[in-house]
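Structure below is protein16.pdb: PDB, C-alpha atoms.
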ATOM      1  CA  MET A  18    -125.233 305.106  83.660  1.00  0.00           C
ATOM      2  CA  ALA A  19    -123.513 302.228  85.468  1.00  0.00           C
ATOM      3  CA  VAL A  20    -120.506 300.492  83.896  1.00  0.00           C
ATOM      4  CA  ILE A  21    -119.331 296.941  84.615  1.00  0.00           C
ATOM      5  CA  THR A  22    -116.039 295.710  83.204  1.00  0.00           C
ATOM      6  CA  LEU A  23    -115.439 291.984  82.834  1.00  0.00           C
ATOM      7  CA  THR A  24    -112.135 290.124  83.147  1.00  0.00           C
ATOM      8  CA  SER A  25    -112.139 286.327  83.065  1.00  0.00           C
ATOM      9  CA  ASP A  26    -110.668 283.065  81.819  1.00  0.00           C
ATOM     10  CA  LEU A  27    -113.983 282.082  80.207  1.00  0.00           C
ATOM     11  CA  GLY A  28    -112.957 282.670  76.581  1.00  0.00           C
ATOM     12  CA  THR A  29    -115.562 283.315  73.905  1.00  0.00           C
ATOM     13  CA  ALA A  30    -116.040 279.878  72.366  1.00  0.00           C
ATOM     14  CA  ASP A  31    -118.321 278.581  75.137  1.00  0.00           C
ATOM     15  CA  PRO A  32    -121.646 279.990  76.390  1.00  0.00           C
ATOM     16  CA  TYR A  33    -120.389 280.831  79.899  1.00  0.00           C
ATOM     17  CA  LEU A  34    -119.549 284.476  79.194  1.00  0.00           C
ATOM     18  CA  ALA A  35    -122.863 285.146  77.476  1.00  0.00           C
ATOM     19  CA  SER A  36    -124.627 283.688  80.509  1.00  0.00           C
ATOM     20  CA  VAL A  37    -122.766 286.061  82.840  1.00  0.00           C
ATOM     21  CA  LYS A  38    -123.624 289.091  80.698  1.00  0.00           C
ATOM     22  CA  ALA A  39    -127.278 288.100  80.305  1.00  0.00           C
ATOM     23  CA  ARG A  40    -127.742 287.751  84.072  1.00  0.00           C
ATOM     24  CA  MET A  41    -126.127 291.136  84.727  1.00  0.00           C
ATOM     25  CA  LEU A  42    -128.315 292.794  82.099  1.00  0.00           C
ATOM     26  CA  ARG A  43    -131.395 291.117  83.501  1.00  0.00           C
ATOM     27  CA  ARG A  44    -130.698 292.666  86.895  1.00  0.00           C
ATOM     28  CA  CYS A  45    -129.736 296.075  85.470  1.00  0.00           C
ATOM     29  CA  PRO A  46    -130.874 296.534  81.826  1.00  0.00           C
ATOM     30  CA  GLN A  47    -129.289 299.992  81.557  1.00  0.00           C
ATOM     31  CA  VAL A  48    -125.772 298.886  82.477  1.00  0.00           C
ATOM     32  CA  THR A  49    -122.895 299.217  80.002  1.00  0.00           C
ATOM     33  CA  LEU A  50    -120.712 296.081  79.854  1.00  0.00           C
ATOM     34  CA  VAL A  51    -117.073 296.525  78.845  1.00  0.00           C
ATOM     35  CA  ASP A  52    -114.822 293.527  78.162  1.00  0.00           C
ATOM     36  CA  ILE A  53    -111.261 293.832  79.456  1.00  0.00           C
ATOM     37  CA  THR A  54    -110.166 290.345  78.413  1.00  0.00           C
ATOM     38  CA  HIS A  55    -111.524 286.809  78.540  1.00  0.00           C
ATOM     39  CA  GLU A  56    -108.316 285.180  77.318  1.00  0.00           C
ATOM     40  CA  VAL A  57    -106.690 284.873  80.734  1.00  0.00           C
ATOM     41  CA  PRO A  58    -105.066 281.428  80.949  1.00  0.00           C
ATOM     42  CA  PRO A  59    -107.310 279.149  83.050  1.00  0.00           C
ATOM     43  CA  TRP A  60    -107.008 279.803  86.815  1.00  0.00           C
ATOM     44  CA  HIS A  61    -104.183 282.340  86.252  1.00  0.00           C
ATOM     45  CA  THR A  62    -104.948 284.970  88.892  1.00  0.00           C
ATOM     46  CA  GLN A  63    -101.674 286.839  88.366  1.00  0.00           C
ATOM     47  CA  HIS A  64    -102.425 287.333  84.658  1.00  0.00           C
ATOM     48  CA  ALA A  65    -105.895 288.673  85.462  1.00  0.00           C
ATOM     49  CA  ALA A  66    -104.490 291.090  88.036  1.00  0.00           C
ATOM     50  CA  PHE A  67    -101.928 292.355  85.528  1.00  0.00           C
ATOM     51  CA  ALA A  68    -104.561 292.990  82.843  1.00  0.00           C
ATOM     52  CA  LEU A  69    -106.844 294.845  85.235  1.00  0.00           C
ATOM     53  CA  ARG A  70    -104.006 296.900  86.756  1.00  0.00           C
ATOM     54  CA  GLN A  71    -103.301 298.311  83.302  1.00  0.00           C
ATOM     55  CA  THR A  72    -106.890 299.339  82.644  1.00  0.00           C
ATOM     56  CA  TYR A  73    -108.911 300.217  85.724  1.00  0.00           C
ATOM     57  CA  PRO A  74    -107.233 303.622  86.324  1.00  0.00           C
ATOM     58  CA  HIS A  75    -108.690 304.796  82.997  1.00  0.00           C
ATOM     59  CA  PHE A  76    -112.295 304.217  84.086  1.00  0.00           C
ATOM     60  CA  ALA A  77    -114.564 306.754  85.751  1.00  0.00           C
ATOM     61  CA  PRO A  78    -115.370 306.711  89.478  1.00  0.00           C
ATOM     62  CA  ASP A  79    -117.952 304.136  90.606  1.00  0.00           C
ATOM     63  CA  THR A  80    -117.103 301.737  87.771  1.00  0.00           C
ATOM     64  CA  ILE A  81    -117.665 298.110  88.813  1.00  0.00           C
ATOM     65  CA  HIS A  82    -114.966 295.619  87.823  1.00  0.00           C
ATOM     66  CA  TRP A  83    -116.086 291.969  87.790  1.00  0.00           C
ATOM     67  CA  ILE A  84    -113.341 289.318  87.794  1.00  0.00           C
ATOM     68  CA  GLY A  85    -114.265 285.749  86.912  1.00  0.00           C
ATOM     69  CA  ILE A  86    -111.278 283.521  87.696  1.00  0.00           C
ATOM     70  CA  HIS A  87    -111.856 280.223  89.470  1.00  0.00           C
ATOM     71  CA  SER A  88    -108.578 279.772  91.301  1.00  0.00           C
ATOM     72  CA  GLN A  89    -107.604 276.220  92.175  1.00  0.00           C
ATOM     73  CA  LEU A  90    -105.868 277.609  95.274  1.00  0.00           C
ATOM     74  CA  LEU A  91    -109.192 278.128  97.029  1.00  0.00           C
ATOM     75  CA  LYS A  92    -110.158 275.521  99.600  1.00  0.00           C
ATOM     76  CA  LYS A  93    -113.415 277.358 100.195  1.00  0.00           C
ATOM     77  CA  GLU A  94    -114.698 280.087  97.944  1.00  0.00           C
ATOM     78  CA  ARG A  95    -115.166 283.527  99.425  1.00  0.00           C
ATOM     79  CA  PHE A  96    -116.205 286.377  97.180  1.00  0.00           C
ATOM     80  CA  LEU A  97    -115.572 290.008  97.961  1.00  0.00           C
ATOM     81  CA  VAL A  98    -116.616 293.465  96.919  1.00  0.00           C
ATOM     82  CA  VAL A  99    -113.623 295.761  97.329  1.00  0.00           C
ATOM     83  CA  TYR A 100    -113.902 299.540  97.120  1.00  0.00           C
ATOM     84  CA  HIS A 101    -110.619 301.235  96.251  1.00  0.00           C
ATOM     85  CA  GLN A 102    -109.618 304.492  94.579  1.00  0.00           C
ATOM     86  CA  GLY A 103    -113.251 305.327  93.885  1.00  0.00           C
ATOM     87  CA  GLN A 104    -114.094 302.062  92.102  1.00  0.00           C
ATOM     88  CA  TYR A 105    -115.639 298.686  92.961  1.00  0.00           C
ATOM     89  CA  PHE A 106    -113.977 295.304  92.373  1.00  0.00           C
ATOM     90  CA  VAL A 107    -115.910 292.031  92.619  1.00  0.00           C
ATOM     91  CA  GLY A 108    -114.118 288.694  92.649  1.00  0.00           C
ATOM     92  CA  ALA A 109    -112.831 285.707  94.574  1.00  0.00           C
ATOM     93  CA  ASP A 110    -110.669 286.246  97.645  1.00  0.00           C
ATOM     94  CA  ASP A 111    -107.812 284.114  96.319  1.00  0.00           C
ATOM     95  CA  GLY A 112    -104.991 286.643  96.529  1.00  0.00           C
ATOM     96  CA  LEU A 113    -106.068 288.582  93.449  1.00  0.00           C
ATOM     97  CA  PHE A 114    -106.671 291.813  95.339  1.00  0.00           C
ATOM     98  CA  SER A 115    -103.209 291.717  96.937  1.00  0.00           C
ATOM     99  CA  LEU A 116    -101.752 291.534  93.407  1.00  0.00           C
ATOM    100  CA  LEU A 117    -104.078 294.186  92.025  1.00  0.00           C
ATOM    101  CA  PHE A 118    -103.214 297.010  94.436  1.00  0.00           C
ATOM    102  CA  ASP A 119     -99.955 298.269  95.888  1.00  0.00           C
ATOM    103  CA  GLU A 120    -101.662 299.215  99.149  1.00  0.00           C
ATOM    104  CA  HIS A 121    -104.405 297.739 101.305  1.00  0.00           C
ATOM    105  CA  PRO A 122    -107.889 298.394  99.876  1.00  0.00           C
ATOM    106  CA  GLU A 123    -109.967 301.122 101.492  1.00  0.00           C
ATOM    107  CA  PHE A 124    -113.133 299.077 102.128  1.00  0.00           C
ATOM    108  CA  ILE A 125    -113.721 295.313 101.916  1.00  0.00           C
ATOM    109  CA  PHE A 126    -117.061 293.524 101.974  1.00  0.00           C
ATOM    110  CA  CYS A 127    -117.660 289.769 102.008  1.00  0.00           C
ATOM    111  CA  ILE A 128    -120.599 288.750  99.823  1.00  0.00           C
ATOM    112  CA  ARG A 129    -123.080 286.613 101.738  1.00  0.00           C
ATOM    113  CA  GLU A 130    -122.695 283.016 100.570  1.00  0.00           C
ATOM    114  CA  GLY A 131    -125.678 281.780  98.579  1.00  0.00           C
ATOM    115  CA  ILE A 132    -127.120 285.258  97.965  1.00  0.00           C
ATOM    116  CA  GLY A 133    -127.071 284.663  94.213  1.00  0.00           C
ATOM    117  CA  GLN A 134    -129.173 281.517  94.248  1.00  0.00           C
ATOM    118  CA  GLU A 135    -131.507 283.036  96.845  1.00  0.00           C
ATOM    119  CA  SER A 136    -132.226 285.854  94.401  1.00  0.00           C
ATOM    120  CA  GLY A 137    -132.907 283.424  91.548  1.00  0.00           C
ATOM    121  CA  ASP A 138    -129.512 283.610  89.815  1.00  0.00           C
ATOM    122  CA  VAL A 139    -128.697 280.312  88.137  1.00  0.00           C
ATOM    123  CA  GLY A 140    -125.328 279.852  86.468  1.00  0.00           C
ATOM    124  CA  ILE A 141    -121.620 280.165  87.146  1.00  0.00           C
ATOM    125  CA  TYR A 142    -120.425 282.627  89.780  1.00  0.00           C
ATOM    126  CA  PRO A 143    -123.978 283.274  91.069  1.00  0.00           C
ATOM    127  CA  ASP A 144    -122.915 285.325  94.101  1.00  0.00           C
ATOM    128  CA  SER A 145    -120.421 287.617  92.342  1.00  0.00           C
ATOM    129  CA  VAL A 146    -122.597 288.078  89.243  1.00  0.00           C
ATOM    130  CA  MET A 147    -125.554 288.971  91.443  1.00  0.00           C
ATOM    131  CA  ALA A 148    -123.388 291.382  93.463  1.00  0.00           C
ATOM    132  CA  ALA A 149    -122.124 293.206  90.375  1.00  0.00           C
ATOM    133  CA  GLY A 150    -125.656 293.582  89.020  1.00  0.00           C
ATOM    134  CA  HIS A 151    -126.918 294.699  92.417  1.00  0.00           C
ATOM    135  CA  LEU A 152    -124.295 297.461  92.618  1.00  0.00           C
ATOM    136  CA  ALA A 153    -125.002 298.551  89.023  1.00  0.00           C
ATOM    137  CA  ALA A 154    -128.671 298.915  89.920  1.00  0.00           C
ATOM    138  CA  ALA A 155    -127.687 301.225  92.804  1.00  0.00           C
ATOM    139  CA  GLY A 156    -128.481 298.611  95.453  1.00  0.00           C
ATOM    140  CA  ASP A 157    -127.160 298.970  98.994  1.00  0.00           C
ATOM    141  CA  ILE A 158    -124.017 296.884  99.423  1.00  0.00           C
ATOM    142  CA  LEU A 159    -124.955 296.055 103.021  1.00  0.00           C
ATOM    143  CA  ASP A 160    -128.032 294.216 101.728  1.00  0.00           C
ATOM    144  CA  ILE A 161    -125.789 291.534 100.213  1.00  0.00           C
ATOM    145  CA  ALA A 162    -122.487 291.721 102.097  1.00  0.00           C
ATOM    146  CA  ILE A 163    -120.855 292.462 105.419  1.00  0.00           C
ATOM    147  CA  GLN A 164    -117.787 294.609 105.945  1.00  0.00           C
ATOM    148  CA  VAL A 165    -114.567 292.760 106.780  1.00  0.00           C
ATOM    149  CA  ARG A 166    -110.956 293.807 107.242  1.00  0.00           C
ATOM    150  CA  GLY A 167    -108.658 291.348 105.545  1.00  0.00           C
ATOM    151  CA  ILE A 168    -107.970 289.914 102.130  1.00  0.00           C
ATOM    152  CA  ALA A 169    -106.029 286.807 101.159  1.00  0.00           C
ATOM    153  CA  GLU A 170    -102.407 287.672 100.530  1.00  0.00           C
ATOM    154  CA  ARG A 171    -100.435 286.321  97.640  1.00  0.00           C
ATOM    155  CA  SER A 172     -96.823 287.244  97.102  1.00  0.00           C
ATOM    156  CA  ALA A 173     -95.894 288.460  93.669  1.00  0.00           C
ATOM    157  CA  LEU A 174     -92.369 288.184  92.354  1.00  0.00           C
ATOM    158  CA  ARG A 175     -90.839 291.572  93.194  1.00  0.00           C
ATOM    159  CA  PRO A 176     -87.859 293.098  91.381  1.00  0.00           C
ATOM    160  CA  LEU A 177     -84.562 292.963  93.240  1.00  0.00           C
ATOM    161  CA  GLU A 178     -82.739 296.295  93.484  1.00  0.00           C
ATOM    162  CA  GLY A 179     -78.984 296.686  93.960  1.00  0.00           C
ATOM    163  CA  GLU A 180     -76.678 299.670  93.773  1.00  0.00           C
ATOM    164  CA  ASP A 181     -75.865 299.036  90.103  1.00  0.00           C
ATOM    165  CA  PHE A 182     -78.675 296.776  88.910  1.00  0.00           C
ATOM    166  CA  ILE A 183     -82.333 295.794  88.959  1.00  0.00           C
ATOM    167  CA  ARG A 184     -83.261 292.145  88.489  1.00  0.00           C
ATOM    168  CA  GLY A 185     -86.819 291.917  87.212  1.00  0.00           C
ATOM    169  CA  SER A 186     -88.978 289.241  85.629  1.00  0.00           C
ATOM    170  CA  VAL A 187     -91.367 288.847  82.722  1.00  0.00           C
ATOM    171  CA  VAL A 188     -94.966 289.240  83.898  1.00  0.00           C
ATOM    172  CA  HIS A 189     -96.770 289.283  80.558  1.00  0.00           C
ATOM    173  CA  VAL A 190     -96.314 288.498  76.883  1.00  0.00           C
ATOM    174  CA  ASP A 191     -98.966 290.093  74.663  1.00  0.00           C
ATOM    175  CA  ARG A 192    -100.410 288.692  71.419  1.00  0.00           C
ATOM    176  CA  PHE A 193     -97.726 290.491  69.390  1.00  0.00           C
ATOM    177  CA  GLY A 194     -94.925 288.840  71.370  1.00  0.00           C
ATOM    178  CA  ASN A 195     -93.995 292.021  73.237  1.00  0.00           C
ATOM    179  CA  VAL A 196     -92.450 291.204  76.626  1.00  0.00           C
ATOM    180  CA  ILE A 197     -93.467 293.255  79.682  1.00  0.00           C
ATOM    181  CA  LEU A 198     -91.423 293.299  82.882  1.00  0.00           C
ATOM    182  CA  ASN A 199     -92.411 294.029  86.482  1.00  0.00           C
ATOM    183  CA  VAL A 200     -90.042 297.016  86.428  1.00  0.00           C
ATOM    184  CA  ASP A 201     -91.439 300.522  86.068  1.00  0.00           C
ATOM    185  CA  GLU A 202     -89.891 303.816  84.986  1.00  0.00           C
ATOM    186  CA  GLN A 203     -89.872 305.280  88.494  1.00  0.00           C
ATOM    187  CA  MET A 204     -87.817 302.359  89.806  1.00  0.00           C
ATOM    188  CA  VAL A 205     -85.330 302.553  86.923  1.00  0.00           C
ATOM    189  CA  GLU A 206     -84.760 306.278  87.340  1.00  0.00           C
ATOM    190  CA  ARG A 207     -84.353 305.918  91.105  1.00  0.00           C
ATOM    191  CA  VAL A 208     -81.538 303.378  90.722  1.00  0.00           C
ATOM    192  CA  ARG A 209     -80.104 304.716  87.476  1.00  0.00           C
ATOM    193  CA  LYS A 210     -79.123 308.187  88.744  1.00  0.00           C
ATOM    194  CA  GLY A 211     -78.262 309.418  85.260  1.00  0.00           C
ATOM    195  CA  ARG A 212     -76.083 306.444  84.334  1.00  0.00           C
ATOM    196  CA  SER A 213     -76.190 304.432  81.114  1.00  0.00           C
ATOM    197  CA  VAL A 214     -78.423 301.366  80.879  1.00  0.00           C
ATOM    198  CA  SER A 215     -77.749 297.848  79.636  1.00  0.00           C
ATOM    199  CA  ILE A 216     -80.521 295.243  79.638  1.00  0.00           C
ATOM    200  CA  ARG A 217     -79.159 291.694  79.850  1.00  0.00           C
ATOM    201  CA  LEU A 218     -81.398 289.068  78.288  1.00  0.00           C
ATOM    202  CA  LYS A 219     -80.957 285.328  77.843  1.00  0.00           C
ATOM    203  CA  GLY A 220     -77.531 284.134  76.791  1.00  0.00           C
ATOM    204  CA  HIS A 221     -75.473 287.021  75.480  1.00  0.00           C
ATOM    205  CA  ASP A 222     -78.392 289.073  74.164  1.00  0.00           C
ATOM    206  CA  ARG A 223     -78.505 292.639  75.420  1.00  0.00           C
ATOM    207  CA  ILE A 224     -80.048 296.027  74.702  1.00  0.00           C
ATOM    208  CA  ASP A 225     -77.800 298.975  75.472  1.00  0.00           C
ATOM    209  CA  ARG A 226     -80.215 301.895  75.334  1.00  0.00           C
ATOM    210  CA  LEU A 227     -83.792 302.846  76.045  1.00  0.00           C
ATOM    211  CA  SER A 228     -86.006 303.922  73.165  1.00  0.00           C
ATOM    212  CA  ARG A 229     -89.143 306.042  73.179  1.00  0.00           C
ATOM    213  CA  LYS A 230     -91.135 304.261  70.467  1.00  0.00           C
ATOM    214  CA  TYR A 231     -90.988 301.399  67.961  1.00  0.00           C
ATOM    215  CA  GLY A 232     -89.950 303.721  65.156  1.00  0.00           C
ATOM    216  CA  ASP A 233     -86.678 304.511  66.931  1.00  0.00           C
ATOM    217  CA  VAL A 234     -85.215 301.308  65.469  1.00  0.00           C
ATOM    218  CA  VAL A 235     -85.391 299.725  62.032  1.00  0.00           C
ATOM    219  CA  PRO A 236     -87.804 296.807  61.383  1.00  0.00           C
ATOM    220  CA  GLY A 237     -86.486 293.587  62.854  1.00  0.00           C
ATOM    221  CA  GLU A 238     -84.354 295.277  65.517  1.00  0.00           C
ATOM    222  CA  ARG A 239     -84.959 294.753  69.247  1.00  0.00           C
ATOM    223  CA  LEU A 240     -85.694 297.643  71.564  1.00  0.00           C
ATOM    224  CA  ALA A 241     -86.684 298.456  75.133  1.00  0.00           C
ATOM    225  CA  PHE A 242     -88.947 301.296  76.225  1.00  0.00           C
ATOM    226  CA  PHE A 243     -91.472 302.272  78.875  1.00  0.00           C
ATOM    227  CA  ASN A 244     -94.984 301.485  77.652  1.00  0.00           C
ATOM    228  CA  SER A 245     -98.118 303.566  78.206  1.00  0.00           C
ATOM    229  CA  ALA A 246     -98.593 301.981  81.644  1.00  0.00           C
ATOM    230  CA  GLY A 247     -95.054 302.928  82.655  1.00  0.00           C
ATOM    231  CA  PHE A 248     -93.571 299.413  82.622  1.00  0.00           C
ATOM    232  CA  LEU A 249     -90.402 298.354  80.841  1.00  0.00           C
ATOM    233  CA  GLU A 250     -91.244 296.541  77.619  1.00  0.00           C
ATOM    234  CA  ILE A 251     -88.943 294.566  75.340  1.00  0.00           C
ATOM    235  CA  ALA A 252     -90.063 294.369  71.743  1.00  0.00           C
ATOM    236  CA  LEU A 253     -88.982 293.621  68.196  1.00  0.00           C
ATOM    237  CA  ASN A 254     -90.028 296.237  65.666  1.00  0.00           C
ATOM    238  CA  GLN A 255     -92.521 294.402  63.417  1.00  0.00           C
ATOM    239  CA  GLY A 256     -91.556 291.093  65.005  1.00  0.00           C
ATOM    240  CA  ASN A 257     -92.174 288.727  67.925  1.00  0.00           C
ATOM    241  CA  ALA A 258     -89.682 289.496  70.705  1.00  0.00           C
ATOM    242  CA  SER A 259     -90.793 286.626  72.923  1.00  0.00           C
ATOM    243  CA  ARG A 260     -90.139 284.037  70.224  1.00  0.00           C
ATOM    244  CA  PHE A 261     -87.008 285.697  68.818  1.00  0.00           C
ATOM    245  CA  LEU A 262     -85.347 286.205  72.213  1.00  0.00           C
ATOM    246  CA  GLY A 263     -86.737 283.096  73.918  1.00  0.00           C
ATOM    247  CA  LEU A 264     -88.414 285.074  76.704  1.00  0.00           C
ATOM    248  CA  LYS A 265     -91.476 283.809  78.532  1.00  0.00           C
ATOM    249  CA  VAL A 266     -93.435 284.636  81.697  1.00  0.00           C
ATOM    250  CA  ASN A 267     -91.330 284.406  84.907  1.00  0.00           C
ATOM    251  CA  ASP A 268     -87.993 284.590  83.062  1.00  0.00           C
ATOM    252  CA  LEU A 269     -85.447 286.872  84.765  1.00  0.00           C
ATOM    253  CA  VAL A 270     -84.051 289.982  83.084  1.00  0.00           C
ATOM    254  CA  GLN A 271     -81.266 292.134  84.558  1.00  0.00           C
ATOM    255  CA  ILE A 272     -80.955 295.880  84.026  1.00  0.00           C
ATOM    256  CA  GLN A 273     -77.380 297.026  84.619  1.00  0.00           C
ATOM    257  CA  PHE A 274     -76.266 300.627  85.263  1.00  0.00           C
ATOM    258  CA  SER A 275     -72.780 301.998  84.654  1.00  0.00           C
TER     259      SER A 275
END
Give the structure from the file, written as structure tokens.
Amino acid sequence: MAVITLTSDLGTADPYLASVKARMLRRCPQVTLVDITHEVPPWHTQHAAFALRQTYPHFAPDTIHWIGIHSQLLKKERFLVVYHQGQYFVGADDGLFSLLFDEHPEFIFCIREGIGQESGDVGIYPDSVMAAGHLAAAGDILDIAIQVRGIAERSALRPLEGEDFIRGSVVHVDRFGNVILNVDEQMVERVRKGRSVSIRLKGHDRIDRLSRKYGDVVPGERLAFFNSAGFLEIALNQGNASRFLGLKVNDLVQIQFS
């Protein structure tokens, strides 16, 4: 049975999301629809890429991931179907795919402009919604798209590595106020080389050890650990670390080794 995941900035208060789901189900009634998130800040491609990066590796091969973000960076919309690591990704070519993967995608197809309306799809994102439903119904991708080579590139803020430090940045703050950095465990261990760790936050705030779980500290105490996706996370046990420490997306955080 086909699976389509949905990631968007559409929210749930308006009818737009229901329209997208109804049109996919109409094209492939047997499909299973799985919501990743629809609370992406409007037009925030980087946030959408982060959410999907954390989740798509857990899905089975041939899963179809639909991304509905209308980036204001686009002068002319171009929608792609990207096949990578055994899964399909459908969305706008606005730099999202360069943020989503660490390497160039295996296969890239450009959806033929207007194919959605030609097939009777009426609503937002007609071409990409039609493409996702077409793939779920086991349709031939070459019936709706042509293979291309390139994707739009968008530079993400990369951590800076030195001999004794890593300077990273906040890429996400979740609903609990936990702060997630663009620094993963592999990077830390590569630079650390067995040395002690000190995480320098805003002002004079710092965390001088890595924990394994929230319960390693008492309620109300700050901690840092590698989350289930392998990224460094700063949290407050039973509290809001973002508010307490004044950390927000794009803020810099330095990890020092000695």
For the PyMOL selection byres ((chain A and resi 111) around 9), applied here, can you spell out every residue it catches as a compact mmCIF listing (two decimals) with C-alpha atoms, keeping the file's coordinate frame?
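Listing of selection35.txt after writing:
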# COMPACT_ATOMS: atom_id res chain seq x y z
CA THR A 62 -104.95 284.97 88.89
CA HIS A 87 -111.86 280.22 89.47
CA SER A 88 -108.58 279.77 91.30
CA GLN A 89 -107.60 276.22 92.18
CA LEU A 90 -105.87 277.61 95.27
CA LEU A 91 -109.19 278.13 97.03
CA GLU A 94 -114.70 280.09 97.94
CA ARG A 95 -115.17 283.53 99.42
CA PHE A 96 -116.20 286.38 97.18
CA GLY A 108 -114.12 288.69 92.65
CA ALA A 109 -112.83 285.71 94.57
CA ASP A 110 -110.67 286.25 97.64
CA GLY A 112 -104.99 286.64 96.53
CA LEU A 113 -106.07 288.58 93.45
CA PHE A 114 -106.67 291.81 95.34
CA SER A 115 -103.21 291.72 96.94
CA ILE A 168 -107.97 289.91 102.13
CA ALA A 169 -106.03 286.81 101.16
CA GLU A 170 -102.41 287.67 100.53
CA ARG A 171 -100.44 286.32 97.64
Take the PyMOL selection byres ((chain A and resi 267) around 6), apply it to the structure above, and return the hits as a PDB file with C-alpha atoms, in the coordinates of the input.
ATOM      1  CA  SER A 186     -88.978 289.241  85.629  1.00  0.00           C
ATOM      2  CA  VAL A 187     -91.367 288.847  82.722  1.00  0.00           C
ATOM      3  CA  VAL A 266     -93.435 284.636  81.697  1.00  0.00           C
ATOM      4  CA  ASP A 268     -87.993 284.590  83.062  1.00  0.00           C
TER       5      ASP A 268
END
State, in Å with one decimal place, the distance from CA of Leu264 (chain A) to CA of Asn244 (chain A).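 One can read the CA of Leu264 (chain A) to CA of Asn244 (chain A) distance as 17.7 Å.
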Could you please determine the separation between CA of Leu117 (chain A) and CA of Leu152 (chain A) in Å, to one decimal place?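 Computed distance, CA of Leu117 (chain A) to CA of Leu152 (chain A), equals 20.5 Å.
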Let me make sure I understand: among A:Gly133, A:Gly28, A:Gly247, A:Gly220, which one has the smallest atom-to-atom distance to Ile86 (chain A) if we use all atoms listed in the file?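 Of the candidates, the smallest distance to Ile86 (chain A) is held by A:Gly28.
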Dig up all the protein and nucleic acid residues within 12 Å of (-125.6, 293.9, 77.9) in the file frame, using only C-alpha atoms, and format them as a VMD selection string. chain A and resid 19 to 23 34 to 52 150
Decode the PyMOL selection byres ((chain A and resi 166) around 9) for the given file into explicit residues and return them as a count of residues only. 7
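Here CA of Phe274 (chain A) is placed at a distance of 5.8 Å from CA of Phe182 (chain A).
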Need the axis-aligned box for region 213-229 of chain A with 8 Å each side, so what are the centre and edges in Å to one decimal, as lines of an AutoDock Vina configuration file?
center_x = -82.3
center_y = 295.1
center_z = 77.1
size_x = 29.7
size_y = 37.9
size_z = 23.9
Residues within 10 Å of Thr54 (chain A), all atoms listed in the file, excluding chain neighbours under 4 positions, as a VMD selection string: chain A and resid 22 to 29 65 68 to 69 84
Take the residues from that selection and put them in a file with C-alpha atoms, as an mmCIF file, keeping the file's coordinate frame.
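Result went into part13.cif, see below:
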data_model
loop_
_atom_site.group_PDB
_atom_site.id
_atom_site.type_symbol
_atom_site.label_atom_id
_atom_site.label_comp_id
_atom_site.auth_asym_id
_atom_site.auth_seq_id
_atom_site.Cartn_x
_atom_site.Cartn_y
_atom_site.Cartn_z
ATOM 1 C CA THR A 22 -116.039 295.710 83.204
ATOM 2 C CA LEU A 23 -115.439 291.984 82.834
ATOM 3 C CA THR A 24 -112.135 290.124 83.147
ATOM 4 C CA SER A 25 -112.139 286.327 83.065
ATOM 5 C CA ASP A 26 -110.668 283.065 81.819
ATOM 6 C CA LEU A 27 -113.983 282.082 80.207
ATOM 7 C CA GLY A 28 -112.957 282.670 76.581
ATOM 8 C CA THR A 29 -115.562 283.315 73.905
ATOM 9 C CA ALA A 65 -105.895 288.673 85.462
ATOM 10 C CA ALA A 68 -104.561 292.990 82.843
ATOM 11 C CA LEU A 69 -106.844 294.845 85.235
ATOM 12 C CA ILE A 84 -113.341 289.318 87.794
#
Rows by chain and residue number, region 58-164 of chain A within 12 Å of region 195-216 of chain A, shortest pair, all atoms listed in the file, as a Markdown table:
| residue | atom | partner | partner_atom | distance |
| --- | --- | --- | --- | --- |
| A:Gln63 | CA | A:Asn199 | CA | 11.9 |
| A:His64 | CA | A:Ile197 | CA | 11.8 |
| A:Phe67 | CA | A:Asn199 | CA | 9.7 |
| A:Ala68 | CA | A:Ile197 | CA | 11.5 |
| A:Arg70 | CA | A:Asn199 | CA | 11.9 |
| A:Gln71 | CA | A:Ile197 | CA | 11.6 |
| A:Leu116 | CA | A:Asn199 | CA | 11.9 |
Counting only C-alpha atoms, the residue of A:Tyr142, A:Arg175, A:Gly131, A:Ala154 that sits nearest Asp119 (chain A): A:Arg175
As a list in words, please: the residues near Glu135 (chain A) (cut-off 12 Å, only C-alpha atoms, same-chain neighbours under 6 positions excluded).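 Contacts, with the query itself left out: Arg129, Pro143, Asp144, Met147 and Ile161 of chain A.
Considering all atoms listed in the file, the residue among A:Pro122, A:Val188, A:Phe106, A:His101 positioned nearest to His61 (chain A) is A:Val188.
You can rank A:Ile251, A:Gly185, A:Glu120, A:Ala149 by their closest distance to Trp83 (chain A) using only C-alpha atoms, and at the top of that list sits A:Ala149.
Taking only C-alpha atoms into account, Phe248 (chain A) lies nearest to A:His189 out of the set A:Arg260, A:His151, A:Lys265, A:His189.
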Non-local contacts of Cys127 (chain A) (6 Å; all atoms listed in the file; under 5 positions in same chain excluded) as a list in words: Leu97, Ala162 and Ile163 of chain A
Take the selection from the previous step and output its residues with C-alpha atoms, as an mmCIF file, in the coordinates of the input.
data_model
loop_
_atom_site.group_PDB
_atom_site.id
_atom_site.type_symbol
_atom_site.label_atom_id
_atom_site.label_comp_id
_atom_site.auth_asym_id
_atom_site.auth_seq_id
_atom_site.Cartn_x
_atom_site.Cartn_y
_atom_site.Cartn_z
ATOM 1 C CA LEU A 97 -115.572 290.008 97.961
ATOM 2 C CA ALA A 162 -122.487 291.721 102.097
ATOM 3 C CA ILE A 163 -120.855 292.462 105.419
#
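Near Arg229 (chain A), within 10 Å and counting all atoms listed in the file, sit Leu227, Tyr231, Gly232, Asp233, Val234, Leu240, Ala241, Phe242, Phe243 and Asn244 of chain A, not including residues fewer than 2 positions from it in the same chain.
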